[in-house]
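Note: the block below is structure_28.cif and it holds mmCIF, C-alpha atoms, pLDDT in the B column; chains and numbers go by the auth columns.
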```
data_target
loop_
_atom_site.group_PDB
_atom_site.id
_atom_site.type_symbol
_atom_site.label_atom_id
_atom_site.label_comp_id
_atom_site.label_asym_id
_atom_site.label_seq_id
_atom_site.Cartn_x
_atom_site.Cartn_y
_atom_site.Cartn_z
_atom_site.B_iso_or_equiv
_atom_site.auth_seq_id
_atom_site.auth_asym_id
ATOM 1 C CA MET A 1 -0.041 -44.745 -69.946 52.00 1 V
ATOM 2 C CA TYR A 2 -0.284 -42.121 -67.185 52.00 2 V
ATOM 3 C CA GLU A 3 -3.047 -44.042 -65.398 53.00 3 V
ATOM 4 C CA PHE A 4 -1.113 -47.310 -65.653 48.00 4 V
ATOM 5 C CA ILE A 5 2.034 -45.735 -64.174 48.00 5 V
ATOM 6 C CA LYS A 6 -0.002 -44.060 -61.413 51.00 6 V
ATOM 7 C CA LYS A 7 -1.657 -47.361 -60.491 52.00 7 V
ATOM 8 C CA LEU A 8 1.716 -49.113 -60.490 42.00 8 V
ATOM 9 C CA VAL A 9 3.302 -46.475 -58.254 45.00 9 V
ATOM 10 C CA LYS A 10 0.380 -46.659 -55.795 50.00 10 V
ATOM 11 C CA SER A 11 0.751 -50.436 -55.591 50.00 11 V
ATOM 12 C CA ILE A 12 4.395 -50.284 -54.508 56.00 12 V
ATOM 13 C CA VAL A 13 4.812 -46.905 -52.789 49.00 13 V
ATOM 14 C CA PRO A 14 3.158 -46.067 -49.437 61.00 14 V
ATOM 15 C CA THR A 15 0.293 -43.583 -49.679 58.00 15 V
ATOM 16 C CA SER A 16 1.878 -41.434 -46.960 59.00 16 V
ATOM 17 C CA PHE A 17 5.028 -41.017 -49.086 52.00 17 V
ATOM 18 C CA ILE A 18 3.023 -40.096 -52.184 51.00 18 V
ATOM 19 C CA ARG A 19 1.007 -37.489 -50.283 59.00 19 V
ATOM 20 C CA LYS A 20 4.098 -35.996 -48.697 60.00 20 V
ATOM 21 C CA ASN A 21 5.948 -35.755 -52.005 56.00 21 V
ATOM 22 C CA ASP A 22 3.008 -35.118 -54.331 63.00 22 V
ATOM 23 C CA LYS A 23 4.149 -31.690 -55.488 65.00 23 V
ATOM 24 C CA LEU A 24 7.682 -32.881 -56.204 66.00 24 V
ATOM 25 C CA LEU A 25 6.466 -35.919 -58.162 67.00 25 V
ATOM 26 C CA ARG A 26 4.051 -33.831 -60.232 69.00 26 V
ATOM 27 C CA ARG A 27 6.707 -31.195 -60.885 74.00 27 V
ATOM 28 C CA PHE A 28 8.919 -33.932 -62.319 71.00 28 V
ATOM 29 C CA VAL A 29 6.095 -35.270 -64.524 75.00 29 V
ATOM 30 C CA SER A 30 5.270 -31.777 -65.793 76.00 30 V
ATOM 31 C CA LEU A 31 8.764 -31.104 -67.160 76.00 31 V
ATOM 32 C CA SER A 32 8.013 -32.850 -70.448 86.00 32 V
ATOM 33 C CA TYR A 33 4.729 -30.933 -70.891 88.00 33 V
ATOM 34 C CA ARG A 34 6.065 -27.368 -70.711 91.00 34 V
ATOM 35 C CA GLY A 35 4.787 -25.096 -73.483 92.00 35 V
ATOM 36 C CA ASN A 36 2.283 -22.350 -74.254 91.00 36 V
ATOM 37 C CA ALA A 37 -0.692 -23.987 -75.980 92.00 37 V
ATOM 38 C CA TYR A 38 -2.755 -24.638 -72.824 93.00 38 V
ATOM 39 C CA GLU A 39 -2.955 -23.334 -69.283 94.00 39 V
ATOM 40 C CA CYS A 40 -4.135 -24.516 -65.867 95.00 40 V
ATOM 41 C CA ASN A 41 -5.852 -21.630 -64.092 94.00 41 V
ATOM 42 C CA ILE A 42 -5.246 -23.234 -60.693 94.00 42 V
ATOM 43 C CA CYS A 43 -1.461 -23.624 -60.696 93.00 43 V
ATOM 44 C CA ASN A 44 -0.877 -21.267 -63.689 93.00 44 V
ATOM 45 C CA PHE A 45 1.207 -23.895 -65.469 93.00 45 V
ATOM 46 C CA THR A 46 1.363 -23.494 -69.249 94.00 46 V
ATOM 47 C CA MET A 47 1.840 -26.624 -71.313 93.00 47 V
ATOM 48 C CA THR A 48 1.915 -28.229 -74.742 94.00 48 V
ATOM 49 C CA LYS A 49 -1.071 -30.420 -73.804 92.00 49 V
ATOM 50 C CA PHE A 50 -3.064 -31.830 -70.922 92.00 50 V
ATOM 51 C CA ILE A 51 -2.835 -35.481 -69.903 90.00 51 V
ATOM 52 C CA VAL A 52 -5.947 -37.123 -71.368 90.00 52 V
ATOM 53 C CA LEU A 53 -7.375 -39.804 -69.073 89.00 53 V
ATOM 54 C CA SER A 54 -9.282 -42.879 -70.236 85.00 54 V
ATOM 55 C CA ASN A 55 -12.609 -41.153 -69.479 84.00 55 V
ATOM 56 C CA GLY A 56 -11.654 -38.173 -71.639 86.00 56 V
ATOM 57 C CA ASN A 57 -10.915 -35.802 -68.748 88.00 57 V
ATOM 58 C CA LYS A 58 -7.915 -33.528 -69.212 92.00 58 V
ATOM 59 C CA LEU A 59 -5.555 -33.590 -66.238 92.00 59 V
ATOM 60 C CA CYS A 60 -3.049 -30.865 -65.446 93.00 60 V
ATOM 61 C CA PRO A 61 0.365 -32.583 -65.335 91.00 61 V
ATOM 62 C CA LYS A 62 1.675 -30.212 -62.661 92.00 62 V
ATOM 63 C CA CYS A 63 -1.113 -29.929 -60.060 91.00 63 V
ATOM 64 C CA GLY A 64 -3.443 -32.762 -61.059 90.00 64 V
ATOM 65 C CA SER A 65 -6.508 -30.566 -61.524 92.00 65 V
ATOM 66 C CA LEU A 66 -9.451 -31.880 -63.539 93.00 66 V
ATOM 67 C CA PRO A 67 -11.755 -29.867 -65.828 93.00 67 V
ATOM 68 C CA ARG A 68 -14.456 -29.682 -63.147 92.00 68 V
ATOM 69 C CA THR A 69 -11.932 -28.266 -60.667 93.00 69 V
ATOM 70 C CA ARG A 70 -10.685 -25.613 -63.069 94.00 70 V
ATOM 71 C CA GLN A 71 -14.252 -24.597 -63.953 93.00 71 V
ATOM 72 C CA LEU A 72 -15.201 -24.383 -60.268 95.00 72 V
ATOM 73 C CA TRP A 73 -12.176 -22.225 -59.479 95.00 73 V
ATOM 74 C CA GLN A 74 -13.020 -19.894 -62.350 93.00 74 V
ATOM 75 C CA LEU A 75 -16.499 -19.520 -60.824 94.00 75 V
ATOM 76 C CA ILE A 76 -15.633 -19.072 -57.145 95.00 76 V
ATOM 77 C CA GLU A 77 -12.313 -17.200 -57.277 95.00 77 V
ATOM 78 C CA PRO A 78 -13.878 -13.712 -57.096 95.00 78 V
ATOM 79 C CA THR A 79 -16.072 -14.668 -54.112 94.00 79 V
ATOM 80 C CA ILE A 80 -13.888 -16.368 -51.520 95.00 80 V
ATOM 81 C CA ALA A 81 -11.790 -13.607 -49.926 96.00 81 V
ATOM 82 C CA GLY A 82 -12.991 -12.926 -46.373 96.00 82 V
ATOM 83 C CA LYS A 83 -15.459 -15.839 -46.383 97.00 83 V
ATOM 84 C CA ASP A 84 -15.866 -18.876 -44.125 98.00 84 V
ATOM 85 C CA ILE A 85 -15.557 -21.917 -46.381 98.00 85 V
ATOM 86 C CA LEU A 86 -16.140 -25.655 -45.941 98.00 86 V
ATOM 87 C CA GLN A 87 -15.043 -28.128 -48.603 97.00 87 V
ATOM 88 C CA PHE A 88 -15.881 -31.829 -48.738 96.00 88 V
ATOM 89 C CA SER A 89 -13.428 -34.282 -50.336 93.00 89 V
ATOM 90 C CA PRO A 90 -10.926 -31.556 -51.221 92.00 90 V
ATOM 91 C CA SER A 91 -8.617 -32.014 -54.172 88.00 91 V
ATOM 92 C CA LYS A 92 -5.102 -30.922 -53.240 87.00 92 V
ATOM 93 C CA SER A 93 -4.768 -28.494 -56.130 87.00 93 V
ATOM 94 C CA LEU A 94 -7.938 -26.576 -55.298 93.00 94 V
ATOM 95 C CA SER A 95 -7.538 -26.670 -51.516 93.00 95 V
ATOM 96 C CA ASP A 96 -4.061 -25.131 -51.778 91.00 96 V
ATOM 97 C CA ARG A 97 -5.384 -22.360 -54.008 94.00 97 V
ATOM 98 C CA ILE A 98 -8.340 -21.569 -51.742 96.00 98 V
ATOM 99 C CA ALA A 99 -6.173 -21.572 -48.609 94.00 99 V
ATOM 100 C CA ASN A 100 -3.861 -19.014 -50.223 93.00 100 V
ATOM 101 C CA SER A 101 -6.672 -16.706 -51.399 95.00 101 V
ATOM 102 C CA ASN A 102 -7.460 -14.959 -48.097 95.00 102 V
ATOM 103 C CA PRO A 103 -10.588 -16.729 -46.861 97.00 103 V
ATOM 104 C CA LYS A 104 -11.657 -15.770 -43.355 97.00 104 V
ATOM 105 C CA SER A 105 -11.537 -19.472 -42.491 97.00 105 V
ATOM 106 C CA TYR A 106 -11.194 -22.619 -44.560 97.00 106 V
ATOM 107 C CA VAL A 107 -12.144 -26.086 -43.292 97.00 107 V
ATOM 108 C CA THR A 108 -11.628 -29.263 -45.302 96.00 108 V
ATOM 109 C CA THR A 109 -13.248 -32.599 -44.525 95.00 109 V
ATOM 110 C CA ASP A 110 -13.106 -36.121 -45.904 94.00 110 V
ATOM 111 C CA TYR A 111 -14.990 -39.001 -44.313 88.00 111 V
ATOM 112 C CA GLU A 112 -13.223 -41.842 -46.143 83.00 112 V
ATOM 113 C CA ASP A 113 -9.619 -40.623 -45.733 81.00 113 V
ATOM 114 C CA GLU A 114 -9.154 -40.475 -49.495 82.00 114 V
ATOM 115 C CA PHE A 115 -8.013 -36.839 -49.334 84.00 115 V
ATOM 116 C CA GLU A 116 -5.899 -34.829 -46.940 85.00 116 V
ATOM 117 C CA ALA A 117 -8.350 -32.908 -44.768 89.00 117 V
ATOM 118 C CA ASP A 118 -8.738 -31.112 -41.443 92.00 118 V
ATOM 119 C CA LYS A 119 -11.788 -33.039 -40.262 94.00 119 V
ATOM 120 C CA LYS A 120 -13.774 -36.214 -40.855 94.00 120 V
ATOM 121 C CA HIS A 121 -17.394 -35.058 -40.987 95.00 121 V
ATOM 122 C CA ASP A 122 -20.252 -37.379 -41.793 96.00 122 V
ATOM 123 C CA ILE A 123 -22.253 -35.229 -44.195 97.00 123 V
ATOM 124 C CA GLN A 124 -25.439 -36.771 -42.804 97.00 124 V
ATOM 125 C CA ALA A 125 -24.606 -35.329 -39.356 97.00 125 V
ATOM 126 C CA ILE A 126 -22.124 -32.476 -39.788 97.00 126 V
ATOM 127 C CA ASP A 127 -20.402 -31.540 -36.530 96.00 127 V
ATOM 128 C CA GLU A 128 -20.571 -27.781 -37.147 96.00 128 V
ATOM 129 C CA LEU A 129 -22.822 -25.066 -35.719 97.00 129 V
ATOM 130 C CA ASP A 130 -25.864 -23.722 -37.550 97.00 130 V
ATOM 131 C CA ASN A 131 -25.152 -20.888 -39.993 97.00 131 V
ATOM 132 C CA SER A 132 -21.370 -21.402 -39.879 97.00 132 V
ATOM 133 C CA PHE A 133 -20.276 -21.033 -43.509 98.00 133 V
ATOM 134 C CA ASP A 134 -20.657 -18.588 -46.377 98.00 134 V
ATOM 135 C CA ILE A 135 -19.520 -21.110 -48.984 98.00 135 V
ATOM 136 C CA VAL A 136 -19.736 -24.905 -49.016 98.00 136 V
ATOM 137 C CA ILE A 137 -18.185 -27.023 -51.777 97.00 137 V
ATOM 138 C CA CYS A 138 -19.768 -30.451 -52.186 97.00 138 V
ATOM 139 C CA TYR A 139 -18.364 -32.008 -55.352 96.00 139 V
ATOM 140 C CA HIS A 140 -18.960 -35.661 -56.220 95.00 140 V
ATOM 141 C CA VAL A 141 -20.124 -36.542 -52.728 96.00 141 V
ATOM 142 C CA LEU A 142 -23.915 -36.895 -52.664 97.00 142 V
ATOM 143 C CA GLU A 143 -23.986 -39.900 -55.013 97.00 143 V
ATOM 144 C CA HIS A 144 -22.066 -41.833 -52.315 96.00 144 V
ATOM 145 C CA ILE A 145 -24.395 -40.981 -49.421 96.00 145 V
ATOM 146 C CA PRO A 146 -27.117 -43.388 -48.182 96.00 146 V
ATOM 147 C CA ASP A 147 -29.471 -40.669 -46.902 96.00 147 V
ATOM 148 C CA ASP A 148 -28.834 -37.865 -49.350 97.00 148 V
ATOM 149 C CA ARG A 149 -31.903 -35.913 -48.206 97.00 149 V
ATOM 150 C CA LYS A 150 -30.489 -35.796 -44.678 97.00 150 V
ATOM 151 C CA ALA A 151 -27.171 -34.638 -46.121 98.00 151 V
ATOM 152 C CA MET A 152 -28.909 -31.842 -48.012 98.00 152 V
ATOM 153 C CA SER A 153 -30.724 -30.825 -44.837 98.00 153 V
ATOM 154 C CA GLU A 154 -27.388 -30.650 -43.022 98.00 154 V
ATOM 155 C CA LEU A 155 -25.838 -28.567 -45.797 98.00 155 V
ATOM 156 C CA TYR A 156 -28.741 -26.142 -45.500 98.00 156 V
ATOM 157 C CA ARG A 157 -28.372 -26.001 -41.699 98.00 157 V
ATOM 158 C CA ILE A 158 -24.680 -25.086 -41.631 98.00 158 V
ATOM 159 C CA LEU A 159 -24.927 -22.569 -44.474 98.00 159 V
ATOM 160 C CA ARG A 160 -25.475 -18.929 -43.569 97.00 160 V
ATOM 161 C CA PRO A 161 -28.432 -17.002 -44.998 97.00 161 V
ATOM 162 C CA HIS A 162 -27.561 -15.967 -48.575 96.00 162 V
ATOM 163 C CA GLY A 163 -24.622 -18.392 -48.523 97.00 163 V
ATOM 164 C CA SER A 164 -23.896 -20.658 -51.495 97.00 164 V
ATOM 165 C CA CYS A 165 -23.316 -24.387 -51.745 98.00 165 V
ATOM 166 C CA TYR A 166 -21.603 -25.512 -54.965 98.00 166 V
ATOM 167 C CA ILE A 167 -22.698 -29.015 -55.907 98.00 167 V
ATOM 168 C CA GLN A 168 -21.800 -31.401 -58.685 97.00 168 V
ATOM 169 C CA THR A 169 -22.361 -35.115 -59.291 96.00 169 V
ATOM 170 C CA PRO A 170 -22.418 -37.345 -62.364 94.00 170 V
ATOM 171 C CA PHE A 171 -25.656 -36.689 -64.266 94.00 171 V
ATOM 172 C CA LYS A 172 -28.006 -38.550 -66.583 93.00 172 V
ATOM 173 C CA ASP A 173 -31.099 -37.622 -68.559 92.00 173 V
ATOM 174 C CA GLY A 174 -34.571 -38.350 -67.206 92.00 174 V
ATOM 175 C CA ASP A 175 -35.211 -39.058 -63.532 93.00 175 V
ATOM 176 C CA ILE A 176 -32.914 -39.897 -60.616 96.00 176 V
ATOM 177 C CA TYR A 177 -32.059 -43.591 -60.775 95.00 177 V
ATOM 178 C CA GLU A 178 -31.656 -45.348 -57.431 95.00 178 V
ATOM 179 C CA ASP A 179 -32.539 -48.791 -56.118 94.00 179 V
ATOM 180 C CA ASN A 180 -31.688 -49.937 -52.587 91.00 180 V
ATOM 181 C CA ASN A 181 -31.750 -53.549 -53.769 94.00 181 V
ATOM 182 C CA ILE A 182 -28.629 -52.867 -55.815 95.00 182 V
ATOM 183 C CA ASN A 183 -26.147 -53.212 -52.968 92.00 183 V
ATOM 184 C CA THR A 184 -23.053 -54.972 -54.290 94.00 184 V
ATOM 185 C CA PRO A 185 -19.999 -53.270 -55.793 93.00 185 V
ATOM 186 C CA GLU A 186 -20.560 -55.163 -59.041 95.00 186 V
ATOM 187 C CA GLY A 187 -24.208 -54.163 -59.215 96.00 187 V
ATOM 188 C CA ARG A 188 -23.476 -50.535 -58.424 94.00 188 V
ATOM 189 C CA LEU A 189 -20.784 -50.407 -61.076 94.00 189 V
ATOM 190 C CA ALA A 190 -23.177 -51.814 -63.657 95.00 190 V
ATOM 191 C CA HIS A 191 -26.142 -49.622 -62.730 94.00 191 V
ATOM 192 C CA PHE A 192 -24.645 -46.415 -61.312 93.00 192 V
ATOM 193 C CA GLY A 193 -21.269 -46.251 -63.041 91.00 193 V
ATOM 194 C CA GLN A 194 -19.012 -46.759 -60.024 92.00 194 V
ATOM 195 C CA GLU A 195 -18.686 -49.427 -57.324 94.00 195 V
ATOM 196 C CA ASP A 196 -19.389 -47.012 -54.462 93.00 196 V
ATOM 197 C CA HIS A 197 -22.144 -44.942 -56.089 95.00 197 V
ATOM 198 C CA LEU A 198 -25.666 -45.364 -54.726 95.00 198 V
ATOM 199 C CA ARG A 199 -27.589 -43.491 -57.436 96.00 199 V
ATOM 200 C CA ILE A 200 -27.313 -41.391 -60.577 96.00 200 V
ATOM 201 C CA TYR A 201 -28.922 -37.974 -60.451 97.00 201 V
ATOM 202 C CA SER A 202 -30.521 -36.060 -63.245 96.00 202 V
ATOM 203 C CA VAL A 203 -29.994 -32.303 -63.139 97.00 203 V
ATOM 204 C CA ALA A 204 -33.720 -31.697 -62.688 96.00 204 V
ATOM 205 C CA GLY A 205 -33.988 -34.427 -60.057 97.00 205 V
ATOM 206 C CA LEU A 206 -31.122 -33.121 -57.948 97.00 206 V
ATOM 207 C CA LYS A 207 -32.391 -29.559 -58.268 97.00 207 V
ATOM 208 C CA SER A 208 -35.846 -30.648 -57.096 97.00 208 V
ATOM 209 C CA ARG A 209 -34.468 -32.621 -54.158 97.00 209 V
ATOM 210 C CA LEU A 210 -32.368 -29.642 -53.026 98.00 210 V
ATOM 211 C CA GLU A 211 -35.377 -27.357 -53.300 97.00 211 V
ATOM 212 C CA GLU A 212 -37.379 -29.756 -51.130 96.00 212 V
ATOM 213 C CA ASN A 213 -34.777 -29.077 -48.437 95.00 213 V
ATOM 214 C CA GLY A 214 -35.202 -25.301 -48.620 96.00 214 V
ATOM 215 C CA PHE A 215 -32.554 -24.273 -51.156 98.00 215 V
ATOM 216 C CA LYS A 216 -32.961 -21.936 -54.073 98.00 216 V
ATOM 217 C CA VAL A 217 -31.058 -23.560 -56.928 98.00 217 V
ATOM 218 C CA GLU A 218 -29.380 -22.116 -60.007 97.00 218 V
ATOM 219 C CA VAL A 219 -28.123 -24.484 -62.691 97.00 219 V
ATOM 220 C CA LYS A 220 -24.946 -23.253 -64.375 94.00 220 V
ATOM 221 C CA GLU A 221 -24.017 -24.954 -67.641 93.00 221 V
ATOM 222 C CA TYR A 222 -20.637 -24.319 -69.217 88.00 222 V
ATOM 223 C CA LEU A 223 -19.864 -25.391 -72.770 84.00 223 V
ATOM 224 C CA GLU A 224 -16.444 -26.159 -74.147 76.00 224 V
ATOM 225 C CA THR A 225 -14.941 -23.055 -75.719 73.00 225 V
ATOM 226 C CA GLU A 226 -13.574 -23.085 -79.236 67.00 226 V
ATOM 227 C CA ASP A 227 -9.909 -22.802 -78.255 72.00 227 V
ATOM 228 C CA ASN A 228 -10.439 -24.757 -74.988 84.00 228 V
ATOM 229 C CA ARG A 229 -7.225 -23.388 -73.487 86.00 229 V
ATOM 230 C CA LEU A 230 -8.273 -24.483 -69.978 86.00 230 V
ATOM 231 C CA GLY A 231 -8.984 -28.075 -71.014 87.00 231 V
ATOM 232 C CA GLN A 232 -12.720 -28.013 -70.355 86.00 232 V
ATOM 233 C CA ARG A 233 -15.138 -30.848 -70.993 81.00 233 V
ATOM 234 C CA GLU A 234 -17.843 -30.533 -73.657 80.00 234 V
ATOM 235 C CA THR A 235 -20.367 -29.688 -70.932 86.00 235 V
ATOM 236 C CA GLU A 236 -19.810 -28.855 -67.272 91.00 236 V
ATOM 237 C CA ILE A 237 -22.890 -28.504 -65.045 94.00 237 V
ATOM 238 C CA ILE A 238 -22.739 -26.951 -61.561 96.00 238 V
ATOM 239 C CA LEU A 239 -25.657 -26.455 -59.204 98.00 239 V
ATOM 240 C CA ILE A 240 -25.455 -23.409 -56.932 98.00 240 V
ATOM 241 C CA ALA A 241 -27.777 -23.912 -53.968 98.00 241 V
ATOM 242 C CA THR A 242 -28.377 -20.775 -51.899 97.00 242 V
ATOM 243 C CA LYS A 243 -30.045 -20.320 -48.523 96.00 243 V
#
```

Show this structure as structure tokens.
Amino acid sequence: MYEFIKKLVKSIVPTSFIRKNDKLLRRFVSLSYRGNAYECNICNFTMTKFIVLSNGNKLCPKCGSLPRTRQLWQLIEPTIAGKDILQFSPSKSLSDRIANSNPKSYVTTDYEDEFEADKKHDIQAIDELDNSFDIVICYHVLEHIPDDRKAMSELYRILRPHGSCYIQTPFKDGDIYEDNNINTPEGRLAHFGQEDHLRIYSVAGLKSRLEENGFKVEVKEYLETEDNRLGQRETEIILIATK
């Protein structure tokens, strides 16, 4: 029901109005979810339940955070004060929280204008100086990029020595699956799971490809806790690529 209403609203209300009034609209939606059974660690809203989307993801009714966002915040929160941070395709809930957590600088970028952002960097040719950032967040981006190896090289270039790049994509078992002959939205949906995806990574395949570009990579796997108060997924995998 939530997804149907959201789609309906987007079809009749200008995007600029929705973005401008996002917090107010979500605050209104969240009124009927107030309670103490669950909690969003990004906006600190406590609720009777999360909104369960058709793909099983649990959405915070107040800030719109997803399980992957809440898990990422839990991981990076202790590290961001005083750091220079770059985030690709920033979700509003997380970008607000990072901006208010005393980073030295915080730059957001989105190439497709799907998110509010400061800049419009092409990840294959990032218009930033070498060794500019301590932390880079690259969530659900690389599977959209034609030359992902070039993108990884650029991420390595702009990251400072000992800096960390937090990376996540959809994953599958086995090898990376990509085929340049699959070039229609219908074909990509059928083969890669989404109309604008160009491949599906495996964890091992993405790790190997990052290592080929100079990174040291740690694979962090988080399992759903028994009480699941934060609305986690059964498994959440994050790759931390360090320079």

- [ ] Have a look at V:Val107, V:Ala204, V:Leu75, V:Val217 and name the one nearest to V:Tyr156; count only C-alpha atoms.
- [x]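 Looking at the shortest contact to V:Tyr156, the residue is V:Val217.
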
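Residues matched by the PyMOL selection byres ((chain V and resi 136) around 6) in this file are V:Ile85, V:Leu86, V:Gln87, V:Ile135, V:Ile137, V:Cys165.
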
Per-residue nearest contacts stretch 170-238 of chain V to stretch 55-63 of chain V, cut-off 8 Å, using all atoms listed in the file, as JSON lines:
```
{"residue": "V:Gly231", "atom": "CA", "partner": "V:Lys58", "partner_atom": "CA", "distance": 5.8}
{"residue": "V:Gln232", "atom": "CA", "partner": "V:Lys58", "partner_atom": "CA", "distance": 7.4}
{"residue": "V:Arg233", "atom": "CA", "partner": "V:Asn57", "partner_atom": "CA", "distance": 6.9}
```

- [ ] Just give me the gap between atom CA of V:His162 and atom CA of V:Lys243 in Å, one decimal is fine.
- [x]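 Computing the Euclidean distance for atom CA of V:His162 and atom CA of V:Lys243 yields 5.0 Å.
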
Open item on the list: Residues near V:Ser89, anyone? I mean within 12 Å using all atoms listed in the file, not counting same-chain ones fewer than 6 positions away, as a ChimeraX atom specification.
Closed with: /V:95,107-123,136-142,144

Would you write out those residues with C-alpha atoms, as an mmCIF file, in the coordinates of the input?
```cif
data_model
loop_
_atom_site.group_PDB
_atom_site.id
_atom_site.type_symbol
_atom_site.label_atom_id
_atom_site.label_comp_id
_atom_site.auth_asym_id
_atom_site.auth_seq_id
_atom_site.Cartn_x
_atom_site.Cartn_y
_atom_site.Cartn_z
ATOM 1 C CA SER V 95 -7.538 -26.670 -51.516
ATOM 2 C CA VAL V 107 -12.144 -26.086 -43.292
ATOM 3 C CA THR V 108 -11.628 -29.263 -45.302
ATOM 4 C CA THR V 109 -13.248 -32.599 -44.525
ATOM 5 C CA ASP V 110 -13.106 -36.121 -45.904
ATOM 6 C CA TYR V 111 -14.990 -39.001 -44.313
ATOM 7 C CA GLU V 112 -13.223 -41.842 -46.143
ATOM 8 C CA ASP V 113 -9.619 -40.623 -45.733
ATOM 9 C CA GLU V 114 -9.154 -40.475 -49.495
ATOM 10 C CA PHE V 115 -8.013 -36.839 -49.334
ATOM 11 C CA GLU V 116 -5.899 -34.829 -46.940
ATOM 12 C CA ALA V 117 -8.350 -32.908 -44.768
ATOM 13 C CA ASP V 118 -8.738 -31.112 -41.443
ATOM 14 C CA LYS V 119 -11.788 -33.039 -40.262
ATOM 15 C CA LYS V 120 -13.774 -36.214 -40.855
ATOM 16 C CA HIS V 121 -17.394 -35.058 -40.987
ATOM 17 C CA ASP V 122 -20.252 -37.379 -41.793
ATOM 18 C CA ILE V 123 -22.253 -35.229 -44.195
ATOM 19 C CA VAL V 136 -19.736 -24.905 -49.016
ATOM 20 C CA ILE V 137 -18.185 -27.023 -51.777
ATOM 21 C CA CYS V 138 -19.768 -30.451 -52.186
ATOM 22 C CA TYR V 139 -18.364 -32.008 -55.352
ATOM 23 C CA HIS V 140 -18.960 -35.661 -56.220
ATOM 24 C CA VAL V 141 -20.124 -36.542 -52.728
ATOM 25 C CA LEU V 142 -23.915 -36.895 -52.664
ATOM 26 C CA HIS V 144 -22.066 -41.833 -52.315
#
```

Open item on the list: (-23.8, -54.0, -58.2) in this file's frame - what residues fall within 10 Å of it? Use all atoms listed in the file and give the answer as a list in words.
Closed with: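 Within 10 Å of (-23.8, -54.0, -58.2), the protein and nucleic acid residues are Asn181, Ile182, Asn183, Thr184, Pro185, Glu186, Gly187, Arg188, Leu189, Ala190, His191, Phe192, Gly193, Gln194, Glu195, Asp196, His197 and Leu198 of chain V.
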
Task: Resolved residues for the PyMOL selection byres ((chain V and resi 74) around 12) as JSON, numbers by chain - done: {"V": [40, 41, 42, 67, 68, 69, 70, 71, 72, 73, 75, 76, 77, 78, 79, 80, 94, 97, 98, 222, 230, 232]}

- [ ] Have a look at atom CA of V:Ile237 and atom CA of V:Gly214 and let me know their distance in Å, one decimal.
- [x]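 Taking atom CA of V:Ile237 and atom CA of V:Gly214, their separation equals 20.8 Å.
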
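Take the candidates V:Asn131, V:Asn180, V:Ser208, V:Ser202 and check each one against V:Pro161 using all atoms listed in the file; the shortest distance goes to V:Asn131.
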
Open item on the list: If we count only C-alpha atoms and set the cut-off at 10 Å, which residues sit around V:Ala81, ignoring sequence neighbours fewer than 6 positions away in its own chain? Please answer as a PyMOL selection string.
Closed with: chain V and resi 98-105

Coordinates of box centre and edge lengths for stretch 29-38 of chain V, 8 Å on every side, axis-aligned, as JSON:
```
{"center_x": 3.0, "center_y": -28.8, "center_z": -70.3, "size_x": 27.5, "size_y": 28.9, "size_z": 27.5}
```

Task: Picked residues, the PyMOL selection byres ((chain V and resi 211) around 12), expected as a list in words - done: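 Selection result, ordered by chain and number: Arg149, Met152, Ser153, Tyr156, Ala204, Gly205, Leu206, Lys207, Ser208, Arg209, Leu210, Glu212, Asn213, Gly214, Phe215, Lys216, Val217, Glu218, Leu239, Ile240, Ala241, Thr242 and Lys243 of chain V.
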
- [ ] Go ahead and compute the interatomic distance for atom CA of V:Ser91 and atom CA of V:Ser65, in Å to one decimal.
- [x] 7.8 Å

TODO: Point out the residue among V:Arg199, V:Met47, V:Glu154, V:Arg160 with the least atom-to-atom distance to V:Asp175, counting all atoms listed in the file.
DONE: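 Checking each candidate against V:Asp175, we get V:Arg199 as the closest.
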